[in-house]
Structures are given as structure tokens and as C-alpha cells.
Amino acid sequence: METVGFGLGLRHEHYEEILAAPGKVAWFEALSENYMIAGGQPLHWLDTFRRDYPMALHGVSLSIGSIDPLDERYLGDLEKLIDRVEPLWVSDHLCFTGLRGINMHDLLPLPYTEEALDHVAERVMRVQDRLRRRLVLENVSSYVTYAASELTEWEFIANLCKRADCEVLLDVNNVYVSAFNHEFDPVDFLRGIPRERVRQFHLAGHTNNGTHIIDTHDHPIIGGVWDLYAEAVRLFPGTPTMIERDANIPPYAELLAELDVARGIAERVMREPAREAAE
Amino acid sequence: MTRTNTGSLADLQRAFQDYVLVSQQGFTTAVRDTSKADRITLLEVYRDGYALRLIEVLTNDFPGVVAMTGPEEFDTVARTYIAAHPSRHPSVRWFGKGFADFLATTPGDATPAVAEMAHFEWALGEAFDSVDVEPLQAATVMTVAPEAWETISFTPLPSLRRLSFAHDVPPSWQRREEVEPGTLEAGPLAAPVPWVIWRPERVSNFRSLEPDEAAMLEAMIDGQPFPALCEALLRHVEEDQAAARAAGLLRSWVEEGLIASFSH
């Protein structure tokens, strides 16, 4: 079982509050691109917190599924950051973020086809060889289903893990959002992911437009996502958990309280009779 | 390993990107309706999100410009910039790099004062996360042998930026949060005023420069030796005062932490 525990995303809005209330989280997740810079305050704060907390690096621009060549300069910058942070693990998203040299700064979904699987698996292996570590890839929230898709998203991820020997950042909110948008059972998704491959959980809030949900990371986590989280803990016990908040960012204490909810659910699940009987 | 043909994956990705960037319509047949929403509604999530995300980046990077233009005009200008300058960097940190020049050169979109504000804010941003270098200490300068002053040259901090404004931009920028959005003004000046931005430690500084100081600073940035720095002052001060003025300016630059190192 993992012992990393419960963490939060490192956000500049909280720097002073983290200093004032040390030791409230077990680890932080830092957004890689925010720290791929030459110097100044962001790197000062990164180094300060890294001295006191384990950290994971989470990127948004690897564009592992793009048909553009891998961005070697980006990978070089990521390597330098990895050397600086010595992270718990390095994650990015299972998506493409643009092509023809353009970055859309969005996590665009891939078609779940054998062709895409071949393409992504080969690139994951190349990145892993370069970074000398397993890559942890996150399932994204998506809003469209491709007519061309031949596999479910979870079949695609499971096959990718097997082919490329990579790991999964299971974003429970994204499973919930995509299940609503594409009308599948989110528990089918969870059950389709190989148990030993899940390295980390994400939790977040979203915006429900009625006909579709948008992954906005600007609200507290809703009940349905907490329920799905409980199921995820049953299936992947002990997986490190963190909450992402990227907009409408509340005080640090408020996110700590939300993290306590996650802790409480995980502890409750671990005490469930069926689990105790099994262990 | 045999590489597979990425033809249809490539076609799909190109069509998706073109749909978001240039409203190419053919892509809509590649995605499905759901029982709750039609495919156009769902695709619009990506198109709306693309513009809104980048507008937010520009809004955060150029609060002084927003204070001058107001959010509505800023939104219009930002959308024109986004259409003309798609991001080509992995980090949104760099998306606004061309915004000031765009404002200065795109007719009808902004006044010269607004473009100067954008230049100022971008330079502040560059100073914010430039390479960290410990400023030169006065005690180190004191160790320079007298004969070395004939050839000594100085290197400014990597964060140092020299700017010149025909409008009262930096003082106006300091009022950006005190005014109603859209009402901030930077009035025209009788003559352009030189400014310097630099970050000696973690906090950026900026201040205006006297004309003679600006001339000497330019010469220092060019890597010219100390005698040439004195010469740069001659258009502004008497010849017999140049060396003393140069020494005085140099001392203040060292004290303020503008200088990184020297060589001779």
C-alpha cells in the first residue's frame, strides 16, 4: 500500500498560508509548466516547499497524443525540473494539446482507436526512456465522443498501460464528468483500470450545465464525485489523493477541510465489513 | 518497432484544431450527439474554452491595460490578438509576449498609451521570473585597482529592462486597482521619459532615469568600458564633471543592485 497520503495542488495564492500552517498536507502537486522558468519568486517558493514536503510534478503540455513530433526542448526543461524537484512521480494527460507547433492550452481528447493506441504507446515509451521513469497519465474530462472510437476509454487506458508500461493518474472527477457527458457507467470505467497501475487520484469540482458537465476546477467537490471516490478507494486502496482547485480559489483552510472529507471517506471505506473480512 | 500509419488520427486532430481555431465546419461529422446535447453544443465547449482561457491569461498579465480599456474593449482586442497569434509555447506564461507590439501596430485597436502600458507590464513580467543573479556588492567594487578603471566594464542584472514612455505609464499603473476599469489614463508627457526595471532579489523595482543617467546606462548595457560611460554623459554634463557624475551613478547602481558583475 502507498503511504504518500493526502495532498493538495501547490498554488501561489496559498504560499503564505502554507508557511503559516505547516504540515497540514502530506505532499504537494506542482504544475510543471509554472516552474519551467529561469528564476524569481516561483522557483524560490518551489524550493522552499520542496524542502518540507514531498512533491509530484503534473504537466499540461506534454501532448503525448499529438501527431506533432515530441517537443524535445520541453522534455529537456522537464528533465531539469525533475532534477531540481526529485518528484514522487511525473504526470501529464492522456490527450493532445495541439499540432503544427500550436499549443491550444487545452486537453483535447484522443479517439480510442488501435491506431491512436499504437501512436501513444510508442511516444510514452520514448518519453519514459528519456526521463528514465514511468510516466503517469491522467484521464481527461471530455465533451465529445468520436464516431471513429473503437474502444472504451478504460479499455484504451488499460491497453496503454500494458503496452507502454506506464501508470494512471485516475481523476475521479473526470471519470464522473465524462460518464455524464458520454452516458456510460463511471463504475465500469473504474473497474476497467488495472488495479496495480493507479499511482494517484485527483479530486475536483465542476460546472453542470444540465446537458453536459464542464471540468472547471472552480467549485467544491459534489456528492456524486465523493461517492465515486469511495468506490475508487474500494478498488484502489491506499492510492495517494489530492484536490485540484484552479479557479475561484478559496483559502487554504477551506481546501484542507475538503481534504479531510476525502480522508474520512477513505478511512470509512477501509473499515467497511466486506473489506475487513477480506483482510 | 513498426511505425503505424497515423493518417486518420492525423486527419482528426487537424480537423479538431481547425474547428476551434478557424471555425472549419467539416469536423462536426466526426463526433456524436448524445441523448442530452447535440454535437455542436459540445464542440462549442472547446471553442469557447479556448478563447476564454487565453483571454484570462492576458487579463492576468495586463491588468493595467484592462484598467485603461475596460473589460469589454479588452475582450475584443484580446480575441483579435488570439486569432492572429496562436500560442507556440508549452507554457501560457509566454502567450502575451507579442501583445504590446500588436497593440502598437494594429490600427484602431488601442491608443499609444495603452500599447506603452502593455510594454511596461510585459517587461515587469520578464523581470519577475528572469535568471537569479546576486547583485554586485560595493565592497567588491572597492577592490578594483585604479589602473583597471581604464578597461573595466559592467554587466547589468539579467532582469534589467530599459524602457522609454511618451505617456505617464508607470505612475498610472500603480493606480490600476484604485480606479473603475476603463477609466485609468496615462497622460502624454512633454518629452519621452526613460525608465528602468530590475529585480535585485525577489521583488522587482522600477524608476525613472535622468537623461544623462539613461545615456550612461545604455552604454553600460552595451558593455562599454568605464571611460566610455563617462563619455556618454558629455552630451548632458560639463566635461570636468563627467567622471564624478559617472562615479556617483555607478555607486548608486551598485547600491540599488542593478549590476551583476564586472570584468577588466
# chains A, B, ... in the order shown; residues from 1 in each chain; ligands from 1

$ interface_residues --of "chain B" --to "chain A" --cutoff "7 Å" --atoms "only C-alpha atoms" --output "compact mmCIF listing (two decimals) with all heavy atoms, in the first residue's frame"
# COMPACT_ATOMS: atom_id res chain seq x y z
N THR B 4 3.12 2.77 -37.12
CA THR B 4 1.83 2.66 -37.81
C THR B 4 1.51 3.95 -38.55
O THR B 4 2.03 5.02 -38.22
CB THR B 4 0.72 2.39 -36.78
OG1 THR B 4 0.84 3.33 -35.75
CG2 THR B 4 0.80 0.98 -36.23
N THR B 6 -0.41 7.06 -39.15
CA THR B 6 -1.28 7.88 -38.30
C THR B 6 -2.27 8.70 -39.11
O THR B 6 -2.77 9.71 -38.65
CB THR B 6 -0.45 8.81 -37.40
OG1 THR B 6 0.36 9.62 -38.25
CG2 THR B 6 0.39 8.04 -36.42
N LEU B 9 -5.79 9.41 -37.54
CA LEU B 9 -5.56 10.15 -36.30
C LEU B 9 -5.11 11.57 -36.63
O LEU B 9 -5.59 12.55 -36.04
CB LEU B 9 -4.49 9.44 -35.45
CG LEU B 9 -4.10 10.14 -34.14
CD1 LEU B 9 -5.26 10.16 -33.16
CD2 LEU B 9 -2.89 9.44 -33.51
N ALA B 10 -4.22 11.67 -37.60
CA ALA B 10 -3.73 12.98 -38.02
C ALA B 10 -4.87 13.83 -38.59
O ALA B 10 -5.00 15.01 -38.25
CB ALA B 10 -2.62 12.82 -39.05
N GLN B 17 -8.48 20.84 -34.44
CA GLN B 17 -7.80 22.11 -34.19
C GLN B 17 -8.34 23.21 -35.10
O GLN B 17 -8.55 24.35 -34.66
CB GLN B 17 -6.29 21.94 -34.38
CG GLN B 17 -5.51 23.21 -34.08
CD GLN B 17 -4.04 22.94 -33.80
OE1 GLN B 17 -3.69 22.16 -32.94
NE2 GLN B 17 -3.18 23.59 -34.57
N ALA B 30 -17.42 14.18 -37.34
CA ALA B 30 -16.52 13.22 -36.71
C ALA B 30 -16.91 12.91 -35.28
O ALA B 30 -16.36 12.01 -34.66
CB ALA B 30 -15.08 13.77 -36.74
N VAL B 31 -17.84 13.69 -34.72
CA VAL B 31 -18.26 13.46 -33.34
C VAL B 31 -19.76 13.21 -33.27
O VAL B 31 -20.51 13.52 -34.19
CB VAL B 31 -17.85 14.64 -32.42
CG1 VAL B 31 -16.35 14.84 -32.41
CG2 VAL B 31 -18.55 15.93 -32.84
N ARG B 32 -20.18 12.66 -32.12
CA ARG B 32 -21.58 12.21 -31.99
C ARG B 32 -22.41 13.14 -31.12
O ARG B 32 -21.89 13.73 -30.17
CB ARG B 32 -21.60 10.83 -31.34
CG ARG B 32 -21.00 9.74 -32.19
CD ARG B 32 -21.24 8.40 -31.47
NE ARG B 32 -20.73 7.31 -32.29
CZ ARG B 32 -20.03 6.29 -31.81
NH1 ARG B 32 -19.77 6.22 -30.51
NH2 ARG B 32 -19.62 5.33 -32.61
N THR B 34 -25.24 13.36 -28.15
CA THR B 34 -25.66 12.47 -27.06
C THR B 34 -27.17 12.62 -26.91
O THR B 34 -27.79 13.46 -27.59
CB THR B 34 -24.97 12.83 -25.72
OG1 THR B 34 -25.50 14.06 -25.24
CG2 THR B 34 -23.47 12.95 -25.89
N LYS B 36 -28.56 13.98 -24.54
CA LYS B 36 -28.82 15.25 -23.84
C LYS B 36 -28.39 16.47 -24.64
O LYS B 36 -28.93 17.56 -24.46
CB LYS B 36 -28.09 15.25 -22.49
CG LYS B 36 -28.50 14.14 -21.53
CD LYS B 36 -27.86 14.30 -20.17
CE LYS B 36 -26.39 14.01 -20.16
NZ LYS B 36 -26.00 12.62 -19.94
N ALA B 37 -27.37 16.33 -25.47
CA ALA B 37 -26.80 17.51 -26.14
C ALA B 37 -26.39 17.17 -27.57
O ALA B 37 -25.91 16.06 -27.85
CB ALA B 37 -25.59 18.01 -25.36
N LEU B 42 -21.65 20.61 -27.84
CA LEU B 42 -20.50 20.01 -27.15
C LEU B 42 -19.18 20.53 -27.72
O LEU B 42 -18.23 20.80 -26.98
CB LEU B 42 -20.58 18.48 -27.26
CG LEU B 42 -21.81 17.88 -26.54
CD1 LEU B 42 -22.01 16.42 -26.92
CD2 LEU B 42 -21.69 18.04 -25.03
N LEU B 43 -19.13 20.69 -29.03
CA LEU B 43 -17.89 21.22 -29.63
C LEU B 43 -17.64 22.67 -29.21
O LEU B 43 -16.48 23.10 -29.10
CB LEU B 43 -17.98 21.13 -31.16
CG LEU B 43 -17.67 19.74 -31.74
CD1 LEU B 43 -18.07 19.69 -33.21
CD2 LEU B 43 -16.20 19.40 -31.56
N TYR B 50 -11.28 27.70 -25.40
CA TYR B 50 -10.00 28.15 -25.98
C TYR B 50 -9.85 29.66 -25.83
O TYR B 50 -8.85 30.16 -25.31
CB TYR B 50 -9.94 27.74 -27.45
CG TYR B 50 -8.72 28.27 -28.17
CD1 TYR B 50 -7.46 27.77 -27.88
CD2 TYR B 50 -8.83 29.27 -29.13
CE1 TYR B 50 -6.33 28.26 -28.53
CE2 TYR B 50 -7.72 29.76 -29.78
CZ TYR B 50 -6.47 29.25 -29.48
OH TYR B 50 -5.36 29.75 -30.12
N PRO B 86 -1.66 32.59 -32.46
CA PRO B 86 -1.85 31.37 -31.65
C PRO B 86 -0.60 31.06 -30.83
O PRO B 86 0.52 31.40 -31.24
CB PRO B 86 -2.13 30.28 -32.69
CG PRO B 86 -1.68 30.84 -33.99
CD PRO B 86 -1.77 32.33 -33.89
N SER B 87 -0.80 30.45 -29.67
CA SER B 87 0.32 30.16 -28.77
C SER B 87 1.24 29.11 -29.40
O SER B 87 0.79 28.11 -29.92
CB SER B 87 -0.21 29.64 -27.44
OG SER B 87 0.86 29.21 -26.62
N ARG B 88 2.53 29.36 -29.30
CA ARG B 88 3.50 28.39 -29.81
C ARG B 88 4.49 27.97 -28.72
O ARG B 88 5.59 27.51 -29.02
CB ARG B 88 4.25 28.97 -31.02
CG ARG B 88 3.33 29.20 -32.20
CD ARG B 88 4.05 29.61 -33.46
NE ARG B 88 3.12 29.68 -34.57
CZ ARG B 88 2.74 28.64 -35.31
NH1 ARG B 88 3.27 27.45 -35.07
NH2 ARG B 88 1.87 28.78 -36.28
N HIS B 89 4.09 28.15 -27.49
CA HIS B 89 4.98 27.80 -26.38
C HIS B 89 4.25 26.83 -25.45
O HIS B 89 3.04 26.97 -25.26
CB HIS B 89 5.38 29.07 -25.62
CG HIS B 89 6.57 28.88 -24.73
ND1 HIS B 89 6.46 28.29 -23.50
CD2 HIS B 89 7.87 29.18 -24.89
CE1 HIS B 89 7.67 28.23 -22.94
NE2 HIS B 89 8.54 28.77 -23.77
N PRO B 90 4.97 25.89 -24.84
CA PRO B 90 4.29 24.95 -23.93
C PRO B 90 3.62 25.64 -22.75
O PRO B 90 2.69 25.09 -22.17
CB PRO B 90 5.42 24.03 -23.45
CG PRO B 90 6.49 24.15 -24.46
CD PRO B 90 6.40 25.55 -25.02
N SER B 91 4.10 26.81 -22.36
CA SER B 91 3.51 27.48 -21.20
C SER B 91 2.75 28.73 -21.63
O SER B 91 3.25 29.53 -22.43
CB SER B 91 4.62 27.87 -20.22
OG SER B 91 4.08 28.69 -19.19
N PHE B 128 10.20 39.52 -13.42
CA PHE B 128 9.68 38.71 -12.32
C PHE B 128 10.31 37.31 -12.25
O PHE B 128 10.66 36.83 -11.18
CB PHE B 128 8.16 38.60 -12.46
CG PHE B 128 7.49 37.70 -11.45
CD1 PHE B 128 7.33 38.12 -10.14
CD2 PHE B 128 7.03 36.45 -11.82
CE1 PHE B 128 6.71 37.30 -9.21
CE2 PHE B 128 6.41 35.61 -10.90
CZ PHE B 128 6.26 36.04 -9.59
N ASP B 129 10.44 36.67 -13.42
CA ASP B 129 10.97 35.29 -13.40
C ASP B 129 12.21 35.12 -14.27
O ASP B 129 12.43 34.06 -14.83
CB ASP B 129 9.88 34.26 -13.73
CG ASP B 129 9.23 34.51 -15.07
OD1 ASP B 129 9.75 35.31 -15.85
OD2 ASP B 129 8.18 33.88 -15.34
N SER B 130 13.01 36.19 -14.36
CA SER B 130 14.29 36.07 -15.08
C SER B 130 15.31 35.35 -14.21
O SER B 130 15.05 35.05 -13.04
CB SER B 130 14.79 37.47 -15.45
OG SER B 130 14.99 38.21 -14.27
N VAL B 131 16.48 35.10 -14.79
CA VAL B 131 17.54 34.36 -14.08
C VAL B 131 17.93 35.11 -12.79
O VAL B 131 18.08 36.32 -12.79
CB VAL B 131 18.78 34.20 -14.98
CG1 VAL B 131 19.91 33.52 -14.24
CG2 VAL B 131 18.43 33.44 -16.24
N ASP B 132 18.07 34.35 -11.71
CA ASP B 132 18.50 34.94 -10.44
C ASP B 132 20.02 35.13 -10.45
O ASP B 132 20.76 34.17 -10.65
CB ASP B 132 18.14 34.01 -9.27
CG ASP B 132 16.63 33.91 -9.07
OD1 ASP B 132 15.98 34.95 -9.05
OD2 ASP B 132 16.13 32.78 -8.96
N ARG B 202 13.93 39.28 -4.80
CA ARG B 202 12.68 38.64 -5.24
C ARG B 202 11.62 39.63 -5.68
O ARG B 202 10.62 39.25 -6.26
CB ARG B 202 12.15 37.73 -4.13
CG ARG B 202 12.87 36.38 -4.13
CD ARG B 202 12.78 35.69 -2.79
NE ARG B 202 11.43 35.67 -2.26
CZ ARG B 202 11.15 35.44 -0.98
NH1 ARG B 202 12.12 35.22 -0.14
NH2 ARG B 202 9.90 35.41 -0.58

$ select_by_dssp --residues "range 50-177 of chain B" --states "strand (DSSP E)" --output "count of residues only"
11

$ residues_around --residues "Gly76 in chain A" --least-positions-apart "3" --cutoff "12 Å" --atoms "only C-alpha atoms" --output "ChimeraX atom specification"
/A:36,62,70-73,79-83,127,130-131

$ write_last_selection --atoms "N, CA and C atoms" --output "tab-separated table (two decimals), in the first residue's frame"
chain	number	residue	atom	x	y	z
A	36	MET	N	8.87	26.00	-15.10
A	36	MET	CA	9.87	25.88	-16.18
A	36	MET	C	10.29	27.29	-16.60
A	62	LEU	N	2.67	18.16	-22.35
A	62	LEU	CA	3.46	17.08	-22.98
A	62	LEU	C	2.86	16.71	-24.33
A	70	LEU	N	7.46	14.86	-30.73
A	70	LEU	CA	7.63	15.22	-29.32
A	70	LEU	C	8.49	16.48	-29.23
A	71	ASP	N	8.17	17.36	-28.32
A	71	ASP	CA	8.88	18.62	-28.15
A	71	ASP	C	10.11	18.36	-27.27
A	72	GLU	N	11.26	18.18	-27.95
A	72	GLU	CA	12.48	17.80	-27.21
A	72	GLU	C	12.92	18.91	-26.25
A	73	ARG	N	12.69	20.15	-26.64
A	73	ARG	CA	13.08	21.26	-25.77
A	73	ARG	C	12.23	21.24	-24.49
A	79	GLU	N	13.14	17.69	-17.75
A	79	GLU	CA	14.24	16.94	-17.10
A	79	GLU	C	14.93	17.81	-16.06
A	80	LYS	N	15.19	19.07	-16.42
A	80	LYS	CA	15.86	19.98	-15.47
A	80	LYS	C	15.00	20.17	-14.22
A	81	LEU	N	13.69	20.30	-14.43
A	81	LEU	CA	12.79	20.48	-13.28
A	81	LEU	C	12.76	19.21	-12.42
A	82	ILE	N	12.78	18.06	-13.08
A	82	ILE	CA	12.79	16.79	-12.35
A	82	ILE	C	14.06	16.71	-11.49
A	83	ASP	N	15.19	17.12	-12.06
A	83	ASP	CA	16.44	17.11	-11.30
A	83	ASP	C	16.35	18.03	-10.08
A	127	VAL	N	9.26	8.79	-24.18
A	127	VAL	CA	9.37	9.76	-23.07
A	127	VAL	C	9.90	9.08	-21.81
A	130	ARG	N	13.56	8.59	-22.05
A	130	ARG	CA	14.30	9.85	-21.87
A	130	ARG	C	14.29	10.29	-20.40
A	131	LEU	N	13.13	10.18	-19.76
A	131	LEU	CA	13.04	10.65	-18.36
A	131	LEU	C	13.50	9.60	-17.36

$ residues_around --residues "Phe102 in chain B" --least-positions-apart "5" --cutoff "10 Å" --atoms "only C-alpha atoms" --output "list in words"
Val77, Thr80, Tyr81, Ala84, His85, Gly96, Lys97, Pro107, Asp109, Ala110, Ala115 and Ala118 of chain B

$ write_last_selection --atoms "all heavy atoms" --output "compact mmCIF listing (two decimals), in the first residue's frame"
# COMPACT_ATOMS: atom_id res chain seq x y z
N VAL B 77 -10.16 43.25 -28.14
CA VAL B 77 -8.76 43.31 -28.57
C VAL B 77 -8.07 41.97 -28.36
O VAL B 77 -7.33 41.48 -29.22
CB VAL B 77 -8.02 44.43 -27.79
CG1 VAL B 77 -6.53 44.39 -28.09
CG2 VAL B 77 -8.59 45.78 -28.15
N THR B 80 -8.92 39.45 -31.00
CA THR B 80 -8.21 39.72 -32.26
C THR B 80 -6.77 39.22 -32.16
O THR B 80 -6.24 38.61 -33.10
CB THR B 80 -8.22 41.24 -32.56
OG1 THR B 80 -9.52 41.75 -32.31
CG2 THR B 80 -7.83 41.51 -34.00
N TYR B 81 -6.15 39.48 -31.01
CA TYR B 81 -4.76 39.02 -30.80
C TYR B 81 -4.70 37.48 -30.81
O TYR B 81 -3.81 36.90 -31.44
CB TYR B 81 -4.25 39.56 -29.46
CG TYR B 81 -2.87 39.07 -29.10
CD1 TYR B 81 -1.74 39.52 -29.79
CD2 TYR B 81 -2.69 38.15 -28.07
CE1 TYR B 81 -0.47 39.07 -29.45
CE2 TYR B 81 -1.43 37.69 -27.73
CZ TYR B 81 -0.32 38.16 -28.42
OH TYR B 81 0.94 37.69 -28.09
N ALA B 84 -4.84 36.18 -34.23
CA ALA B 84 -3.66 36.49 -35.05
C ALA B 84 -2.38 35.82 -34.54
O ALA B 84 -1.43 35.62 -35.31
CB ALA B 84 -3.45 38.01 -35.08
N HIS B 85 -2.34 35.48 -33.27
CA HIS B 85 -1.11 34.97 -32.65
C HIS B 85 -1.37 33.71 -31.84
O HIS B 85 -1.33 33.77 -30.60
CB HIS B 85 -0.48 36.03 -31.74
CG HIS B 85 -0.01 37.25 -32.45
ND1 HIS B 85 1.28 37.40 -32.89
CD2 HIS B 85 -0.67 38.36 -32.83
CE1 HIS B 85 1.41 38.57 -33.50
NE2 HIS B 85 0.24 39.17 -33.48
N GLY B 96 1.43 36.18 -23.98
CA GLY B 96 1.27 37.63 -24.17
C GLY B 96 2.50 38.33 -24.71
O GLY B 96 2.51 39.56 -24.80
N LYS B 97 3.52 37.58 -25.09
CA LYS B 97 4.80 38.17 -25.50
C LYS B 97 4.64 39.21 -26.62
O LYS B 97 5.30 40.24 -26.63
CB LYS B 97 5.76 37.06 -25.92
CG LYS B 97 7.18 37.51 -26.20
CD LYS B 97 8.06 36.30 -26.51
CE LYS B 97 9.44 36.70 -27.00
NZ LYS B 97 10.21 37.46 -26.03
N PRO B 107 -3.93 48.98 -36.25
CA PRO B 107 -4.69 50.23 -36.26
C PRO B 107 -6.06 50.05 -35.61
O PRO B 107 -6.74 49.04 -35.80
CB PRO B 107 -4.86 50.53 -37.76
CG PRO B 107 -3.88 49.67 -38.45
CD PRO B 107 -3.62 48.49 -37.59
N ASP B 109 -7.06 49.47 -32.67
CA ASP B 109 -7.31 48.61 -31.51
C ASP B 109 -6.93 49.24 -30.18
O ASP B 109 -7.47 48.87 -29.14
CB ASP B 109 -6.58 47.28 -31.67
CG ASP B 109 -7.37 46.31 -32.52
OD1 ASP B 109 -8.61 46.35 -32.49
OD2 ASP B 109 -6.74 45.54 -33.24
N ALA B 110 -6.00 50.15 -30.18
CA ALA B 110 -5.57 50.71 -28.90
C ALA B 110 -4.84 52.02 -29.13
O ALA B 110 -4.27 52.25 -30.20
CB ALA B 110 -4.63 49.72 -28.20
N ALA B 115 -0.66 50.78 -25.55
CA ALA B 115 0.45 49.93 -26.01
C ALA B 115 1.65 50.09 -25.08
O ALA B 115 2.33 49.11 -24.75
CB ALA B 115 0.82 50.29 -27.45
N ALA B 118 1.11 48.10 -22.01
CA ALA B 118 1.36 46.67 -22.24
C ALA B 118 2.85 46.37 -22.26
O ALA B 118 3.31 45.36 -21.71
CB ALA B 118 0.70 46.24 -23.55

$ atom_distance --atom1 "CA of Ile221 in chain B" --atom2 "CA of Val65 in chain B"
28.6 Å

$ closest_residue --among "A:Ala247, A:Leu169, A:Leu88, A:Val175" --to "Tyr229 in chain A" --atoms "only C-alpha atoms"
A:Val175

$ residues_around --residues "Ala179 in chain A" --least-positions-apart "6" --cutoff "9 Å" --atoms "only C-alpha atoms" --output "list of chain:residue names"
A:Asp185, A:Pro186, A:Phe189

$ write_last_selection --atoms "C-alpha atoms" --output "compact mmCIF listing (two decimals), in the first residue's frame"
# COMPACT_ATOMS: atom_id res chain seq x y z
CA ASP A 185 -21.44 3.99 -16.03
CA PRO A 186 -18.47 5.55 -14.17
CA PHE A 189 -14.61 2.86 -16.03

$ atom_distance --atom1 "CA of Ala148 in chain B" --atom2 "CA of Val237 in chain B"
24.1 Å

$ atom_distance --atom1 "CA of Trp226 in chain A" --atom2 "CA of Asn173 in chain A"
8.8 Å

$ select_by_dssp --residues "range 101-152 of chain A" --states "alpha helix (DSSP H)" --output "compact mmCIF listing (two decimals) with N, CA, C and O atoms, in the first residue's frame"
# COMPACT_ATOMS: atom_id res chain seq x y z
N GLU A 114 -7.20 1.67 -32.33
CA GLU A 114 -5.94 0.92 -32.30
C GLU A 114 -4.81 1.79 -32.84
O GLU A 114 -3.67 1.73 -32.37
N GLU A 115 -5.12 2.59 -33.84
CA GLU A 115 -4.11 3.46 -34.43
C GLU A 115 -3.59 4.46 -33.40
O GLU A 115 -2.38 4.67 -33.26
N ALA A 116 -4.53 5.08 -32.67
CA ALA A 116 -4.12 6.05 -31.64
C ALA A 116 -3.34 5.34 -30.53
O ALA A 116 -2.36 5.88 -30.01
N LEU A 117 -3.75 4.14 -30.20
CA LEU A 117 -3.06 3.37 -29.16
C LEU A 117 -1.61 3.09 -29.56
O LEU A 117 -0.68 3.28 -28.76
N ASP A 118 -1.42 2.66 -30.80
CA ASP A 118 -0.04 2.44 -31.30
C ASP A 118 0.78 3.71 -31.18
O ASP A 118 1.92 3.70 -30.72
N HIS A 119 0.18 4.80 -31.63
CA HIS A 119 0.88 6.08 -31.67
C HIS A 119 1.26 6.54 -30.27
O HIS A 119 2.41 6.91 -30.01
N VAL A 120 0.30 6.50 -29.35
CA VAL A 120 0.56 6.99 -27.99
C VAL A 120 1.54 6.07 -27.27
O VAL A 120 2.46 6.54 -26.59
N ALA A 121 1.35 4.76 -27.41
CA ALA A 121 2.23 3.82 -26.69
C ALA A 121 3.68 4.03 -27.09
O ALA A 121 4.58 4.05 -26.23
N GLU A 122 3.90 4.23 -28.38
CA GLU A 122 5.28 4.42 -28.84
C GLU A 122 5.88 5.70 -28.25
O GLU A 122 7.04 5.73 -27.82
N ARG A 123 5.06 6.75 -28.19
CA ARG A 123 5.56 8.02 -27.64
C ARG A 123 5.76 7.93 -26.12
O ARG A 123 6.73 8.50 -25.58
N VAL A 124 4.88 7.25 -25.43
CA VAL A 124 5.04 7.10 -23.97
C VAL A 124 6.38 6.38 -23.69
O VAL A 124 7.15 6.80 -22.81
N MET A 125 6.66 5.35 -24.47
CA MET A 125 7.90 4.61 -24.23
C MET A 125 9.12 5.48 -24.49
O MET A 125 10.10 5.43 -23.75
N ARG A 126 9.04 6.33 -25.52
CA ARG A 126 10.17 7.23 -25.80
C ARG A 126 10.36 8.24 -24.67
O ARG A 126 11.48 8.53 -24.25
N VAL A 127 9.26 8.79 -24.18
CA VAL A 127 9.37 9.76 -23.07
C VAL A 127 9.90 9.08 -21.81
O VAL A 127 10.77 9.62 -21.11
N GLN A 128 9.42 7.87 -21.56
CA GLN A 128 9.89 7.15 -20.36
C GLN A 128 11.37 6.84 -20.47
O GLN A 128 12.10 6.93 -19.47
N ASP A 129 11.81 6.48 -21.66
CA ASP A 129 13.25 6.21 -21.85
C ASP A 129 14.05 7.47 -21.55
O ASP A 129 15.09 7.43 -20.91
N ARG A 130 13.56 8.59 -22.05
CA ARG A 130 14.30 9.85 -21.87
C ARG A 130 14.29 10.29 -20.40
O ARG A 130 15.31 10.74 -19.88
N LEU A 131 13.13 10.18 -19.76
CA LEU A 131 13.04 10.65 -18.36
C LEU A 131 13.50 9.60 -17.36
O LEU A 131 13.60 9.87 -16.17

$ residues_around --residues "Ala214 in chain B" --least-positions-apart "5" --cutoff "8 Å" --atoms "only C-alpha atoms" --output "PyMOL selection string"
chain B and resi 194-195+209

$ write_last_selection --atoms "N, CA, C and O atoms" --output "PDB file, in the first residue's frame"
ATOM      1  N   PRO B 194      12.834  58.121 -19.871  1.00  0.00           N
ATOM      2  CA  PRO B 194      13.405  56.774 -19.757  1.00  0.00           C
ATOM      3  C   PRO B 194      13.129  56.158 -18.385  1.00  0.00           C
ATOM      4  O   PRO B 194      13.117  56.861 -17.374  1.00  0.00           O
ATOM      5  N   TRP B 195      12.923  54.856 -18.379  1.00  0.00           N
ATOM      6  CA  TRP B 195      12.667  54.107 -17.151  1.00  0.00           C
ATOM      7  C   TRP B 195      13.553  52.859 -17.124  1.00  0.00           C
ATOM      8  O   TRP B 195      13.986  52.370 -18.164  1.00  0.00           O
ATOM      9  N   LEU B 209      14.582  57.595 -15.061  1.00  0.00           N
ATOM     10  CA  LEU B 209      16.000  57.941 -15.153  1.00  0.00           C
ATOM     11  C   LEU B 209      16.128  59.372 -15.654  1.00  0.00           C
ATOM     12  O   LEU B 209      15.346  59.820 -16.497  1.00  0.00           O
TER      13      LEU B 209
END

$ residues_around --residues "range 152-160 of chain B" --least-positions-apart "2" --cutoff "10 Å" --atoms "only C-alpha atoms" --output "ChimeraX atom specification"
/A:39-40 /B:123-136,144,147-150,162-163,196-200,204-206,217,219-229,250,253-254,257-264

$ closest_residue --among "B:Asp38, B:Glu116, B:Glu210, B:Asp75" --to "Glu56 in chain B" --atoms "only C-alpha atoms"
B:Asp75
